[in-house]
$ cat target_25.cif   # mmCIF, C-alpha atoms
data_work
loop_
_atom_site.label_atom_id
_atom_site.label_comp_id
_atom_site.auth_asym_id
_atom_site.auth_seq_id
_atom_site.Cartn_x
_atom_site.Cartn_y
_atom_site.Cartn_z
CA MET A 1 162.08 51.58 70.55
CA LEU A 2 162.04 52.71 74.15
CA PHE A 3 164.83 50.41 75.39
CA ASP A 4 167.96 49.28 73.58
CA HIS A 5 169.72 46.03 74.39
CA ALA A 6 172.20 47.58 76.83
CA MET A 7 169.35 49.17 78.79
CA LEU A 8 167.34 45.95 78.76
CA ASN A 9 170.32 44.09 80.17
CA ARG A 10 170.80 46.65 82.94
CA LEU A 11 167.11 46.47 83.82
CA TYR A 12 167.31 42.68 83.81
CA ARG A 13 170.20 42.80 86.29
CA TYR A 14 168.26 45.13 88.54
CA ALA A 15 165.31 42.71 88.38
CA TYR A 16 167.73 39.90 89.21
CA ALA A 17 168.87 41.85 92.27
CA LEU A 18 165.28 42.36 93.42
CA LEU A 19 164.20 38.76 92.92
CA GLY A 20 167.43 36.83 93.37
CA GLU A 21 166.75 34.46 90.48
CA GLU A 22 166.85 34.69 86.71
CA ALA A 23 163.53 33.25 85.51
CA GLY A 24 161.52 35.56 87.74
CA ALA A 25 163.76 38.45 86.74
CA TYR A 26 162.90 37.96 83.08
CA ASP A 27 159.17 37.84 83.85
CA LEU A 28 159.48 41.02 85.90
CA LEU A 29 161.40 42.72 83.09
CA GLN A 30 158.79 41.73 80.50
CA ASP A 31 156.04 43.00 82.75
CA THR A 32 157.92 46.27 83.23
CA VAL A 33 158.53 46.79 79.51
CA GLU A 34 154.86 46.10 78.83
CA ARG A 35 153.80 48.67 81.42
CA CYS A 36 156.27 51.26 80.16
CA LEU A 37 155.00 50.81 76.60
CA ARG A 38 151.41 51.16 77.75
CA LYS A 39 152.23 54.28 79.75
CA PRO A 40 155.48 55.75 78.39
CA PRO A 41 157.62 58.16 80.41
CA ALA A 42 157.39 61.90 79.82
CA GLU A 43 159.87 63.23 77.26
CA SER A 44 161.96 64.83 79.98
CA THR A 45 162.20 61.60 82.00
CA SER A 46 164.97 59.05 81.56
CA PRO A 47 163.31 55.87 80.21
CA GLU A 48 165.66 53.70 82.24
CA GLY A 49 165.05 55.53 85.51
CA TYR A 50 161.33 55.47 84.85
CA ALA A 51 161.46 51.74 84.09
CA ARG A 52 163.36 51.08 87.31
CA ARG A 53 160.67 52.84 89.32
CA VAL A 54 157.96 50.90 87.49
CA MET A 55 159.86 47.66 88.10
CA ARG A 56 160.40 48.35 91.78
CA ASN A 57 156.73 49.25 92.35
CA ARG A 58 155.68 46.14 90.47
CA TYR A 59 158.06 44.01 92.52
CA ILE A 60 156.60 45.41 95.75
CA ASP A 61 153.03 44.81 94.50
CA LEU A 62 153.84 41.22 93.61
CA ALA A 63 155.60 40.60 96.92
CA ARG A 64 152.57 41.96 98.80
CA ARG A 65 150.25 39.79 96.74
CA ARG A 66 152.31 36.74 97.69
CA ARG A 67 152.08 38.02 101.26
CA VAL A 68 155.83 38.29 101.43
CA SER A 69 156.80 41.63 102.82
CA PRO A 70 159.51 43.10 100.60
CA GLU A 71 160.61 45.42 103.35
CA VAL A 72 161.00 44.00 106.81
CA GLU A 73 161.93 46.54 109.42
CA ASP A 74 164.88 45.81 111.64
CA ALA A 75 164.11 45.40 115.31
CA ASN A 76 167.08 47.59 116.15
CA GLY A 77 165.56 51.03 115.69
CA ASP A 78 168.46 52.81 117.36
CA ILE A 79 170.91 51.79 114.73
CA GLU A 80 170.93 55.32 113.35
CA THR A 81 172.97 56.35 116.35
CA LEU A 82 175.70 53.88 115.44
CA ALA A 83 178.56 54.92 113.21
CA ILE A 84 177.50 52.62 110.42
CA ASP A 85 177.48 53.22 106.69
CA THR A 86 178.12 51.34 103.49
CA GLN A 87 181.77 51.59 104.59
CA CYS A 88 181.19 48.59 106.85
CA LEU A 89 180.44 46.50 103.77
CA GLU A 90 183.65 47.61 102.06
CA GLU A 91 185.93 45.44 104.18
CA MET A 92 183.91 42.24 103.87
CA MET A 93 185.69 39.45 102.02
CA VAL A 94 183.77 36.75 100.21
CA SER A 95 184.31 34.18 97.48
CA ARG A 96 182.09 34.02 94.41
CA GLN A 97 180.60 30.68 95.53
CA GLN A 98 179.84 32.02 99.00
CA LEU A 99 178.08 35.06 97.59
CA GLU A 100 176.04 32.93 95.18
CA ARG A 101 175.02 30.71 98.09
CA VAL A 102 173.94 33.66 100.22
CA TRP A 103 172.37 35.68 97.39
CA SER A 104 169.05 33.86 97.09
CA GLN A 105 168.64 33.75 100.87
CA LEU A 106 168.77 37.51 101.25
CA GLN A 107 165.63 39.60 101.23
CA GLY A 108 164.89 41.54 98.07
CA ILE A 109 165.54 44.83 99.79
CA GLU A 110 168.93 43.57 100.99
CA ARG A 111 169.94 42.53 97.48
CA GLU A 112 168.71 45.88 96.21
CA ILE A 113 170.94 47.67 98.72
CA LEU A 114 173.91 45.59 97.56
CA TYR A 115 173.04 46.38 93.94
CA LEU A 116 172.71 50.13 94.50
CA TRP A 117 175.90 50.18 96.55
CA ALA A 118 178.07 47.97 94.33
CA ILE A 119 176.74 48.62 90.82
CA ASP A 120 175.48 52.20 91.12
CA GLY A 121 178.08 53.25 93.69
CA MET A 122 175.53 54.85 96.00
CA THR A 123 176.04 55.90 99.61
CA ALA A 124 173.51 55.08 102.32
CA ALA A 125 171.90 58.51 101.93
CA GLU A 126 171.61 58.04 98.18
CA ILE A 127 170.16 54.56 98.62
CA ALA A 128 167.62 56.02 101.03
CA ALA A 129 166.62 58.64 98.46
CA ALA A 130 166.44 56.07 95.66
CA THR A 131 164.28 53.67 97.62
CA GLY A 132 162.12 56.25 99.35
CA SER A 133 163.35 55.17 102.79
CA ARG A 134 164.79 57.10 105.72
CA ARG A 135 168.57 57.01 105.96
CA GLY A 136 168.26 55.39 109.37
CA THR A 137 166.20 52.58 107.90
CA VAL A 138 168.83 51.96 105.23
CA LEU A 139 171.58 51.96 107.88
CA SER A 140 169.58 49.51 109.91
CA ARG A 141 169.28 47.23 106.91
CA ILE A 142 172.98 47.52 106.15
CA HIS A 143 173.70 46.58 109.75
CA ARG A 144 171.49 43.53 109.47
CA LEU A 145 172.89 42.66 106.05
CA ARG A 146 176.40 42.75 107.44
CA ARG A 147 175.34 40.45 110.27
CA ARG A 148 173.66 38.07 107.86
CA LEU A 149 176.64 37.98 105.53
CA GLY A 150 179.06 37.73 108.40
CA SER A 151 177.20 34.88 110.04
CA ASN A 152 177.25 32.90 106.84
CA ASP A 153 179.93 30.25 106.70
CA GLY A 154 183.07 31.49 105.08
CA VAL A 155 182.22 35.17 104.77
CA SER A 156 184.61 37.24 106.80
CA VAL A 157 185.53 40.79 107.59
CA THR A 158 189.08 42.12 107.76
CA PRO A 159 190.77 41.87 111.19
CA SER A 160 190.29 45.53 112.00
CA GLU A 161 186.56 45.13 111.54
CA SER A 162 186.26 41.85 113.42
CA PRO A 163 184.34 42.01 116.67
CA MET B 164 189.65 32.87 96.49
CA LYS B 165 188.08 35.63 98.55
CA SER B 166 187.74 39.14 97.32
CA GLY B 167 185.98 42.31 98.40
CA LEU B 168 182.20 42.03 98.67
CA LYS B 169 181.64 44.92 96.27
CA GLN B 170 183.76 43.32 93.57
CA ARG B 171 181.97 40.00 94.04
CA VAL B 172 178.52 41.63 93.82
CA VAL B 173 179.56 43.39 90.59
CA GLU B 174 180.89 40.11 89.17
CA LEU B 175 177.76 38.18 90.10
CA VAL B 176 175.24 40.74 88.86
CA GLU B 177 177.12 41.58 85.68
CA SER B 178 177.50 37.90 84.81
CA LYS B 179 173.72 37.88 84.25
CA GLY B 180 172.37 38.91 80.89
CA LEU B 181 169.53 38.32 78.47
CA ASP B 182 170.04 35.71 75.77
CA ASP B 183 169.36 36.41 72.08
CA ALA B 184 165.89 34.86 72.13
CA GLN B 185 164.86 36.96 75.14
CA LEU B 186 166.16 40.13 73.49
CA ARG B 187 164.28 39.28 70.28
CA ARG B 188 161.05 38.83 72.22
CA LEU B 189 161.52 42.14 74.04
CA ASP B 190 162.30 43.89 70.75
CA ALA B 191 159.16 42.39 69.23
CA MET B 192 157.11 43.72 72.15
CA GLN B 193 158.48 47.18 71.48
CA ARG B 194 157.82 47.05 67.74
CA THR B 195 154.03 46.90 68.08
CA PRO B 196 152.42 49.96 66.46
CA ALA B 197 150.16 50.40 69.48
CA THR B 198 153.16 51.24 71.58
CA ALA B 199 155.09 53.46 69.21
CA SER B 200 155.83 56.86 70.65
CA LEU B 201 153.19 59.35 69.63
CA ASN B 202 153.63 62.98 68.82
CA ARG B 203 151.09 65.63 69.72
CA TRP B 204 149.24 65.36 66.40
CA ALA B 205 149.10 61.60 66.61
CA VAL B 206 147.64 61.90 70.10
CA ALA B 207 145.00 64.33 68.81
CA ALA B 208 144.22 62.01 65.91
CA ALA B 209 143.95 59.06 68.28
CA LEU B 210 141.58 61.00 70.54
CA LEU B 211 139.44 61.93 67.55
CA LEU B 212 139.41 58.33 66.37
CA GLY B 213 138.52 57.14 69.87
CA LEU B 214 135.63 59.60 70.00
CA THR B 215 134.40 58.42 66.60
CA VAL B 216 134.59 54.78 67.66
CA ALA B 217 132.81 55.55 70.94
CA LEU B 218 130.01 57.37 69.10
CA THR B 219 129.75 54.53 66.60
CA VAL B 220 129.41 52.00 69.40
CA ILE B 221 126.75 54.10 71.13
CA VAL B 222 124.74 54.62 67.91
CA TRP B 223 125.34 51.09 66.61
CA PRO B 224 125.93 48.76 69.52
CA GLY B 225 127.58 46.02 67.49
CA LYS B 226 130.96 44.49 68.29
CA PRO B 227 133.86 46.88 67.64
CA ALA B 228 135.72 45.91 64.47
CA ASN B 229 139.00 45.80 66.35
CA MET B 230 138.00 42.78 68.45
CA THR B 231 139.94 40.50 66.09
CA TYR B 232 142.97 42.72 66.65
CA ALA B 233 142.41 42.62 70.43
CA ILE B 234 142.26 38.81 70.35
CA ALA B 235 145.40 38.63 68.20
CA ASP B 236 147.21 41.11 70.41
CA GLU B 237 146.40 39.12 73.55
CA VAL B 238 147.54 35.89 71.92
CA ALA B 239 150.74 37.54 70.67
CA MET B 240 151.44 38.98 74.10
CA ASN B 241 151.08 35.57 75.71
CA HIS B 242 153.24 34.03 73.01
CA LEU B 243 156.00 36.49 73.86
CA LYS B 244 155.63 35.94 77.59
CA ARG B 245 156.36 32.20 77.31
CA ARG B 246 154.86 31.34 80.67
CA PRO B 247 155.88 27.87 81.89
CA LEU B 248 153.88 24.95 80.52
CA GLU B 249 151.65 23.15 82.99
CA VAL B 250 151.39 19.92 81.04
CA ALA B 251 153.81 18.33 78.59
CA GLY B 252 152.73 16.21 75.67
CA GLN B 253 153.41 15.61 72.02
CA SER B 254 149.88 14.84 70.89
CA LEU B 255 146.38 16.13 71.49
CA ASP B 256 145.48 12.88 73.25
CA GLU B 257 148.35 13.34 75.70
CA VAL B 258 147.30 16.82 76.81
CA ARG B 259 143.51 16.63 76.43
CA ALA B 260 142.88 15.00 79.81
CA TYR B 261 144.71 17.81 81.61
CA PHE B 262 142.23 20.42 80.41
CA ASN B 263 139.26 18.83 82.18
CA GLU B 264 138.23 22.11 83.82
CA LEU B 265 137.31 23.67 80.48
CA ASP B 266 133.71 23.33 79.38
CA PHE B 267 134.75 22.07 75.95
CA GLN B 268 136.91 19.32 74.52
CA LEU B 269 140.09 20.22 72.67
CA LEU B 270 139.60 19.56 68.97
CA GLU B 271 141.83 18.98 66.00
CA ASP B 272 141.13 21.93 63.70
CA SER B 273 140.47 21.45 59.99
CA SER B 274 144.07 22.38 59.12
CA ALA B 275 145.24 19.54 61.38
CA THR B 276 147.66 21.93 63.13
CA LEU B 277 148.36 19.50 65.96
CA ALA B 278 148.54 16.39 63.80
CA MET B 279 151.46 18.00 61.97
CA GLY B 280 153.54 17.47 65.11
CA GLY B 281 155.69 19.73 67.20
CA LEU B 282 153.37 19.95 70.20
CA GLN B 283 155.32 20.65 73.40
CA GLY B 284 152.51 20.97 75.93
CA GLY B 285 150.06 23.50 77.24
CA ARG B 286 148.64 25.58 80.06
CA TYR B 287 145.35 27.11 81.08
CA CYS B 288 144.88 30.61 79.81
CA SER B 289 142.14 32.99 78.68
CA ILE B 290 141.16 35.14 75.72
CA GLN B 291 139.25 38.31 76.51
CA GLY B 292 138.42 36.77 79.88
CA LYS B 293 137.14 33.49 78.42
CA ALA B 294 138.86 30.36 79.76
CA ALA B 295 141.04 28.84 77.06
CA ALA B 296 143.67 26.20 76.42
CA GLN B 297 147.03 27.55 75.33
CA LEU B 298 149.20 25.00 73.54
CA ARG B 299 152.79 25.50 72.48
CA LEU B 300 154.23 24.04 69.31
CA ARG B 301 157.62 24.08 67.65
CA ASP B 302 157.47 23.89 63.85
CA LYS B 303 159.94 22.14 61.56
CA ALA B 304 161.96 25.33 61.18
CA ASP B 305 162.30 25.39 65.00
CA HIS B 306 160.01 28.41 65.38
CA MET B 307 157.69 28.51 68.37
CA GLN B 308 153.95 28.76 67.80
CA THR B 309 151.24 29.46 70.34
CA TYR B 310 147.88 27.88 69.62
CA TYR B 311 144.65 28.70 71.40
CA GLN B 312 141.27 27.07 71.67
CA ALA B 313 138.33 28.64 73.51
CA PRO B 314 134.56 28.42 73.26
CA TYR B 315 133.35 30.76 70.52
CA ASP B 316 131.06 33.36 72.11
CA LYS B 317 129.77 35.49 69.26
CA ALA B 318 128.46 38.18 71.61
CA LEU B 319 131.94 38.55 73.10
CA PHE B 320 134.20 37.94 70.12
CA GLY B 321 132.00 39.34 67.34
CA ASP B 322 131.87 37.86 63.85
CA LEU B 323 134.94 35.83 63.04
CA PRO B 324 135.69 33.84 59.90
CA ASP B 325 134.20 30.34 60.02
CA VAL B 326 136.45 28.03 58.03
CA THR B 327 133.72 25.37 57.79
CA ARG B 328 131.89 27.87 55.58
CA GLY B 329 134.86 28.27 53.30
CA GLN B 330 136.08 31.50 54.91
CA GLN B 331 139.80 32.15 55.42
CA PRO B 332 141.17 32.85 58.92
CA ALA B 333 141.71 36.51 59.79
CA VAL B 334 145.42 37.35 59.63
CA VAL B 335 146.75 40.02 61.99
CA GLU B 336 150.35 41.26 62.14
CA VAL B 337 150.99 42.31 65.69
CA ARG B 338 154.06 42.61 67.96
CA GLY B 339 156.25 41.25 65.18
CA LEU B 340 154.16 38.07 64.91
CA THR B 341 151.56 36.78 62.48
CA VAL B 342 148.39 35.67 64.24
CA TYR B 343 145.60 33.68 62.58
CA VAL B 344 142.12 33.83 64.13
CA TRP B 345 139.13 31.78 63.07
CA THR B 346 136.20 29.67 64.31
CA GLU B 347 134.96 26.22 63.56
CA ARG B 348 132.63 23.76 65.27
CA GLY B 349 131.76 26.18 68.04
CA LEU B 350 135.33 26.96 69.06
CA LEU B 351 137.54 29.99 68.60
CA PHE B 352 141.02 29.14 67.32
CA ALA B 353 144.07 31.39 67.26
CA LEU B 354 147.60 30.60 66.15
CA ALA B 355 150.55 32.94 66.71
CA THR B 356 153.58 32.27 64.52
CA GLU B 357 157.03 33.83 64.59
#
$ encode --input "target_25.cif" --output "structure tokens"
Amino acid sequence: MLFDHAMLNRLYRYAYALLGEEAGAYDLLQDTVERCLRKPPAESTSPEGYARRVMRNRYIDLARRRRVSPEVEDANGDIETLAIDTQCLEEMMVSRQQLERVWSQLQGIEREILYLWAIDGMTAAEIAAATGSRRGTVLSRIHRLRRRLGSNDGVSVTPSESP
Amino acid sequence: MKSGLKQRVVELVESKGLDDAQLRRLDAMQRTPATASLNRWAVAAALLLGLTVALTVIVWPGKPANMTYAIADEVAMNHLKRRPLEVAGQSLDEVRAYFNELDFQLLEDSSATLAMGGLQGGRYCSIQGKAAAQLRLRDKADHMQTYYQAPYDKALFGDLPDVTRGQQPAVVEVRGLTVYVWTERGLLFALATE
């Protein structure tokens, strides 16, 4: 078999990050497994990495079909000049309930950034490479994500980071 | 209690996981022989077989013999996908009215599959591009079954066993499931069982 249970669970969690809900995540995972079986990765390619790329492309296709842009550009194009990085997410404090409430309201790309940062431990530059974006674009999204999280009731940043 | 965002994201994401039934279905998808990893010789053999089949179809333009397998594979795939039901009902009479966009009436087959109970509901679907009714049943052993009815188009589906002529349904093992395919009274029937 191409994917063992541990891999399937990791892929399911990535799908959950992209879609923000569990039923859709399972459908996306099934679709991804089916596509990977139909067109398996090369021997030298990691099946899991390959499946993640397949899943992400499929997610973007589906979002476009539903006419929901998976990647909305931030209006603030100059954000690259600001000293912003994933570091600005590190100080944010949130309760489990608050995060669950916010989670489904975030855009897929924002949840993906959170996933890559928190689960895979990636920096902004690594997230940019993984998602095929410019680093500035990722920084811009992090900036917006921080605003969105910060504006949500109950989510706070530590005093030193407060405006 | 508040905690760092990163820790909360890890907790939230890692609290999600596949249940046993979902893992079984994904394992079954991966067990299908059509998707087993192929070595170089198997690829060469497959190419040779494909060429032979293609030449056979060109010389003798009948229906490829693997159409029954293709039907069974499609039914098995949809069984594993478990798309949400569009109509709920425990009897044929309860769901029949919902399928009013099909150009045939749902029938009770000669094995009385639906009369045996366990019907959960159904949804519109297709087999090889032909509009079909997909019904979902749960048997007495609590196993799910997916049951299809579609108009029988011989030109599309090829020769299939006709149970009204005493023939037995074709039985195909695919994706870890057993799928029965047959025709009667102008309809194609397929039943995927776990």
$ closest_residue --input "target_25.cif" --among "A:Gln97, A:Leu62, A:Leu145, A:Thr86" --to "Ala125 of chain A" --atoms "only C-alpha atoms"
A:Thr86
$ interface_residues --input "target_25.cif" --of "chain B" --to "chain A" --cutoff "8 Å" --atoms "all atoms listed in the file" --output "list in words"
Met164, Lys165, Ser166, Gly167, Leu168, Lys169, Gln170, Arg171, Val172, Val173, Leu175, Val176, Glu177, Lys179, Gly180, Leu181, Leu186, Leu189, Asp190, Met192, Gln193, Arg194, Thr198, Ala199, Ser200 and Lys244 of chain B
$ resolve_selection --input "target_25.cif" --expression "the PyMOL selection byres ((chain B and resi 327) around 10)" --output "list of chain:residue names"
B:Ser273, B:Pro324, B:Asp325, B:Val326, B:Arg328, B:Gly329, B:Gln330, B:Gln331, B:Trp345, B:Thr346, B:Glu347, B:Arg348
$ write_last_selection --input "target_25.cif" --atoms "C-alpha atoms" --output "PDB file, keeping the file's coordinate frame"
ATOM      1  CA  SER B 273     140.470  21.450  59.990  1.00  0.00           C
ATOM      2  CA  PRO B 324     135.690  33.840  59.900  1.00  0.00           C
ATOM      3  CA  ASP B 325     134.200  30.340  60.020  1.00  0.00           C
ATOM      4  CA  VAL B 326     136.450  28.030  58.030  1.00  0.00           C
ATOM      5  CA  ARG B 328     131.890  27.870  55.580  1.00  0.00           C
ATOM      6  CA  GLY B 329     134.860  28.270  53.300  1.00  0.00           C
ATOM      7  CA  GLN B 330     136.080  31.500  54.910  1.00  0.00           C
ATOM      8  CA  GLN B 331     139.800  32.150  55.420  1.00  0.00           C
ATOM      9  CA  TRP B 345     139.130  31.780  63.070  1.00  0.00           C
ATOM     10  CA  THR B 346     136.200  29.670  64.310  1.00  0.00           C
ATOM     11  CA  GLU B 347     134.960  26.220  63.560  1.00  0.00           C
ATOM     12  CA  ARG B 348     132.630  23.760  65.270  1.00  0.00           C
TER      13      ARG B 348
END
$ atom_distance --input "target_25.cif" --atom1 "atom CA of Val342 of chain B" --atom2 "atom CA of Ile290 of chain B"
13.6 Å
$ residues_around --input "target_25.cif" --residues "Thr131 of chain A" --least-positions-apart "6" --cutoff "12 Å" --atoms "only C-alpha atoms" --output "number ranges by chain"
A: 52-53, 56-57, 60, 70-71, 109-110, 112-113, 115-116, 122, 124-125, 137-138
$ closest_residue --input "target_25.cif" --among "B:Ala239, B:Val250, B:Leu350, B:Leu300" --to "Tyr287 of chain B" --atoms "only C-alpha atoms"
B:Val250
$ resolve_selection --input "target_25.cif" --expression "the PyMOL selection byres ((chain B and resi 278) around 12)" --output "list of chain:residue names"
B:Gln253, B:Ser254, B:Leu255, B:Asp256, B:Leu270, B:Glu271, B:Asp272, B:Ser273, B:Ser274, B:Ala275, B:Thr276, B:Leu277, B:Met279, B:Gly280, B:Gly281, B:Leu282, B:Leu300, B:Asp302
$ write_last_selection --input "target_25.cif" --atoms "C-alpha atoms" --output "JSON list (two decimals), in the coordinates of the input"
[["chain", "number", "residue", "atom", "x", "y", "z"],
["B", 253, "GLN", "CA", 153.41, 15.61, 72.02],
["B", 254, "SER", "CA", 149.88, 14.84, 70.89],
["B", 255, "LEU", "CA", 146.38, 16.13, 71.49],
["B", 256, "ASP", "CA", 145.48, 12.88, 73.25],
["B", 270, "LEU", "CA", 139.60, 19.56, 68.97],
["B", 271, "GLU", "CA", 141.83, 18.98, 66.00],
["B", 272, "ASP", "CA", 141.13, 21.93, 63.70],
["B", 273, "SER", "CA", 140.47, 21.45, 59.99],
["B", 274, "SER", "CA", 144.07, 22.38, 59.12],
["B", 275, "ALA", "CA", 145.24, 19.54, 61.38],
["B", 276, "THR", "CA", 147.66, 21.93, 63.13],
["B", 277, "LEU", "CA", 148.36, 19.50, 65.96],
["B", 279, "MET", "CA", 151.46, 18.00, 61.97],
["B", 280, "GLY", "CA", 153.54, 17.47, 65.11],
["B", 281, "GLY", "CA", 155.69, 19.73, 67.20],
["B", 282, "LEU", "CA", 153.37, 19.95, 70.20],
["B", 300, "LEU", "CA", 154.23, 24.04, 69.31],
["B", 302, "ASP", "CA", 157.47, 23.89, 63.85]]
$ closest_residue --input "target_25.cif" --among "B:Ile234, B:Ala353, B:Leu269, B:Leu323" --to "Glu257 of chain B" --atoms "all atoms listed in the file"
B:Leu269
$ atom_distance --input "target_25.cif" --atom1 "atom CA of Met240 of chain B" --atom2 "atom CA of Glu43 of chain A"
25.9 Å
$ resolve_selection --input "target_25.cif" --expression "the PyMOL selection byres ((chain B and resi 296) around 12)" --output "ChimeraX atom specification"
/B:238,241,248-250,255,258-270,284-290,293-295,297-299,309-314,350-354
